[in-house]
Amino acid sequence: MPNPVPSLNRRDLLRTVLAISGGAVLDWSVLPVAQASSSDPDRFDAIVIGSGLGGLGCGVAFARQGFKVLVLEQHDKPGGYATAFRRPGGFVFDVSLHSTSVGERNGIRNLIGGFPEIDEVEFVPHPDLYRAIFPQHDIRVAQRDLPAYINSLATHFPEERAGIQALFDDMVALRREIGQMSAAGGKVDMSRMRTDFPHVMACFGRTWGQAQDAHLKDPRLKAIVSTLWAYYGLPPSKLSSFYYALPTIGYLIEGGYYPRGRSQDISNAFVHFIERRGGKVLLKTRVDKILTKDGAAYGVRTAAGQELQARVVISNANAYDTFHKLVEPDDRLAQYLKRMDGFSVSLTSFGVYLGLKHDLVRKLGHPDTEIFVNSSYDPDADFNAALISIPDHPSFAALFYDNLFENYSPRGKNTISLVTLQSYDHWKPYEAAYWRGDKAAYRKEKERIAHALIASAESTILPGLSKAIEVQEIGTPLTNVRYTGNYRGAIYGWDQTVDNSNPRRLGHSTPIRSLYLSGAWTTPGGGYGGVLASALECFGEIMAKWG
């Protein structure tokens, strides 16, 4: 049976609607504008810890309103998972971005939701949204053509045509209701919620698996419809229906896009905006302590010992380390920590980044940019495999960015990424030696898994792959920890379970006054769109206090 629908008050409802509708509803004209900031070089209106997009988004918002903002980043480049790296031979690899949704402005796809003044990044559409390969099915999902996708599914499962249509009708209706609630600013008659917004209410307390079960019967069809669960980190049986249904239907209707360049271009554009408006982004600057007094945050201390002060501190670092490492122990945090420590942490990722010496993708006739190769029709089995270890034939995603635009790779070559989900627990035995610099056993294990992933890709979609490799780089969960600082290498923050998704998800404000959270570990959750929405929502809460 579905979990009971939570009791919603107007504040919870508004927060939920703003978060899951993209958060891009701030009316900048009514928000406070800086009057006079301190001339002291060590004092700021806001200090942001971490330059993931959830941190950079906050930085942009503060800078836009004229506030003196400082963003501190321990890595040598901004962006968190929205970064890229170079390797010999002219290959440039994107760390994480596969696809995102953006708006159109003057015929150009460069409108990042909620940040209309960031206009220097152009996005290109995927030719098809994605391709899903299963043992008995191979389906391409059309870009911005929901009826075509529904018809494709119904062609494969004709006896379920009515159920397929009903499921997507529900998702479209949910999106419409959220839009109506967003337009109303959450000012709705709470007593009429079940009548006026039935699809919204049906989603609360329900997993995506339960939402599917209401309309679909064939487990193979359910698996195909749920292909994108890997984007959210939990299988349908565990994943909040809100957090699958709403972003996914938006993705199917609005389409998927990729920046002409790399995801690093997005992060760099945010940095440029902050700096043009007088803010600062300091790289290679690790924060060792959040300074507090009488239950309130007033600044930070860096690893170099410099103390910097601010009216407000926003942590875009992971929430676990924020309170277990950066904040001094405080009895007033006991209940907050007990709640937080009860959350499960999302899966992490294992990626193989390959530069090929010739254009294998074109030779094999692949027009695709993103292929999900599934070894079975059982998402729970795939999830459990990720929890323990990689199997001999793992499910994975293959990314062919050369099919997006010319010159993505050096001429006549390919840049390919193979990615699979994993649990951090598999890498725990290697952790201590890794940080000591003793990486022999670690390298042996990561190469073993990379070989299995390459072999799986070669046997399913890329014959001849192993002999075409010129450059190979492997990213493990420990790599994620090293470069992003994320607890357990998580790529989605806390899991988006029914009990930890909106309106129950960890909020932006904390028991420490003037200390806020922004990013995947707070509301609404992970993903590029999710963390940018988080930044806007966090900034809006702070402005409500200041205003």
# chains A, B, ... in the order shown; residues from 1 in each chain; ligands from 1

call {"tool": "residues_around", "arguments": {"residues": "Gly519 in chain A", "least_positions_apart": "4", "cutoff": "12 Å", "atoms": "only C-alpha atoms", "output": "PyMOL selection string"}}
result
chain A and resi 19+48-58+79-81+314-319+486+491-494+506-508+523-539

call {"tool": "write_last_selection", "arguments": {"atoms": "C-alpha atoms", "output": "mmCIF file, in the first residue's frame"}}
result
data_model
loop_
_atom_site.group_PDB
_atom_site.id
_atom_site.type_symbol
_atom_site.label_atom_id
_atom_site.label_comp_id
_atom_site.auth_asym_id
_atom_site.auth_seq_id
_atom_site.Cartn_x
_atom_site.Cartn_y
_atom_site.Cartn_z
ATOM 1 C CA ALA A 19 11.240 23.252 -5.915
ATOM 2 C CA VAL A 48 29.496 30.346 -0.362
ATOM 3 C CA ILE A 49 31.446 27.159 0.394
ATOM 4 C CA GLY A 50 31.823 25.138 -2.801
ATOM 5 C CA SER A 51 31.453 26.041 -6.467
ATOM 6 C CA GLY A 52 29.156 23.296 -7.684
ATOM 7 C CA LEU A 53 26.231 24.728 -9.632
ATOM 8 C CA GLY A 54 24.235 24.923 -6.398
ATOM 9 C CA GLY A 55 26.935 27.202 -4.993
ATOM 10 C CA LEU A 56 27.599 29.189 -8.161
ATOM 11 C CA GLY A 57 23.851 29.729 -8.600
ATOM 12 C CA CYS A 58 23.690 31.319 -5.142
ATOM 13 C CA GLY A 79 31.776 23.513 -11.202
ATOM 14 C CA GLY A 80 31.840 20.395 -9.020
ATOM 15 C CA TYR A 81 30.482 17.687 -11.305
ATOM 16 C CA ILE A 314 25.870 29.071 2.399
ATOM 17 C CA SER A 315 27.324 25.578 2.254
ATOM 18 C CA ASN A 316 27.350 23.946 -1.149
ATOM 19 C CA ALA A 317 29.630 21.333 0.376
ATOM 20 C CA ASN A 318 27.916 18.062 1.203
ATOM 21 C CA ALA A 319 25.588 18.305 4.174
ATOM 22 C CA ASN A 486 31.179 14.721 -1.854
ATOM 23 C CA ILE A 491 26.341 12.043 -7.253
ATOM 24 C CA TYR A 492 22.774 12.845 -6.107
ATOM 25 C CA GLY A 493 23.180 13.754 -2.423
ATOM 26 C CA TRP A 494 20.735 11.938 -0.177
ATOM 27 C CA LEU A 506 16.226 18.448 4.241
ATOM 28 C CA GLY A 507 15.609 22.186 3.895
ATOM 29 C CA HIS A 508 17.931 25.122 3.209
ATOM 30 C CA THR A 523 15.691 20.516 -1.532
ATOM 31 C CA PRO A 524 14.771 19.707 -4.279
ATOM 32 C CA GLY A 525 17.716 17.364 -4.978
ATOM 33 C CA GLY A 526 20.393 16.416 -7.480
ATOM 34 C CA GLY A 527 20.894 16.902 -11.195
ATOM 35 C CA TYR A 528 21.805 20.116 -12.994
ATOM 36 C CA GLY A 529 18.258 21.465 -12.965
ATOM 37 C CA GLY A 530 17.724 20.360 -9.369
ATOM 38 C CA VAL A 531 20.783 22.101 -7.925
ATOM 39 C CA LEU A 532 20.136 25.328 -9.847
ATOM 40 C CA ALA A 533 16.572 25.314 -8.503
ATOM 41 C CA SER A 534 18.053 24.727 -5.047
ATOM 42 C CA ALA A 535 20.291 27.795 -5.418
ATOM 43 C CA LEU A 536 17.364 30.044 -6.303
ATOM 44 C CA GLU A 537 15.161 28.676 -3.555
ATOM 45 C CA CYS A 538 17.939 29.054 -0.964
ATOM 46 C CA PHE A 539 18.616 32.637 -2.069
#

call {"tool": "select_by_dssp", "arguments": {"residues": "range 361-439 of chain A", "states": "helix (DSSP H, G or I)", "output": "PyMOL selection string"}}
result
chain A and resi 361-364+379-388+401-403+424-436

call {"tool": "atom_distance", "arguments": {"atom1": "CA of Glu447 in chain A", "atom2": "CA of Leu97 in chain A"}}
result
23.2 Å

call {"tool": "closest_residue", "arguments": {"among": "A:Leu174, A:Ala214, A:Ile249, A:Val225", "to": "Arg140 in chain A", "atoms": "only C-alpha atoms"}}
result
A:Val225

call {"tool": "closest_residue", "arguments": {"among": "A:Gly209, A:Gly351, A:Pro88, A:Pro198", "to": "Val498 in chain A", "atoms": "only C-alpha atoms"}}
result
A:Gly209

call {"tool": "closest_residue", "arguments": {"among": "A:Val327, A:Ala297, A:Asp213, A:Val312", "to": "Trp546 in chain A", "atoms": "only C-alpha atoms"}}
result
A:Val312

call {"tool": "closest_residue", "arguments": {"among": "A:Arg161, A:Val172, A:Ala183, A:Thr248", "to": "Asp218 in chain A", "atoms": "only C-alpha atoms"}}
result
A:Arg161

call {"tool": "atom_distance", "arguments": {"atom1": "CA of Asp138 in chain A", "atom2": "CA of Ile150 in chain A"}}
result
14.6 Å

call {"tool": "closest_residue", "arguments": {"among": "A:Gly365, A:Phe350, A:Ser501, A:Ala520", "to": "Thr476 in chain A", "atoms": "only C-alpha atoms"}}
result
A:Phe350
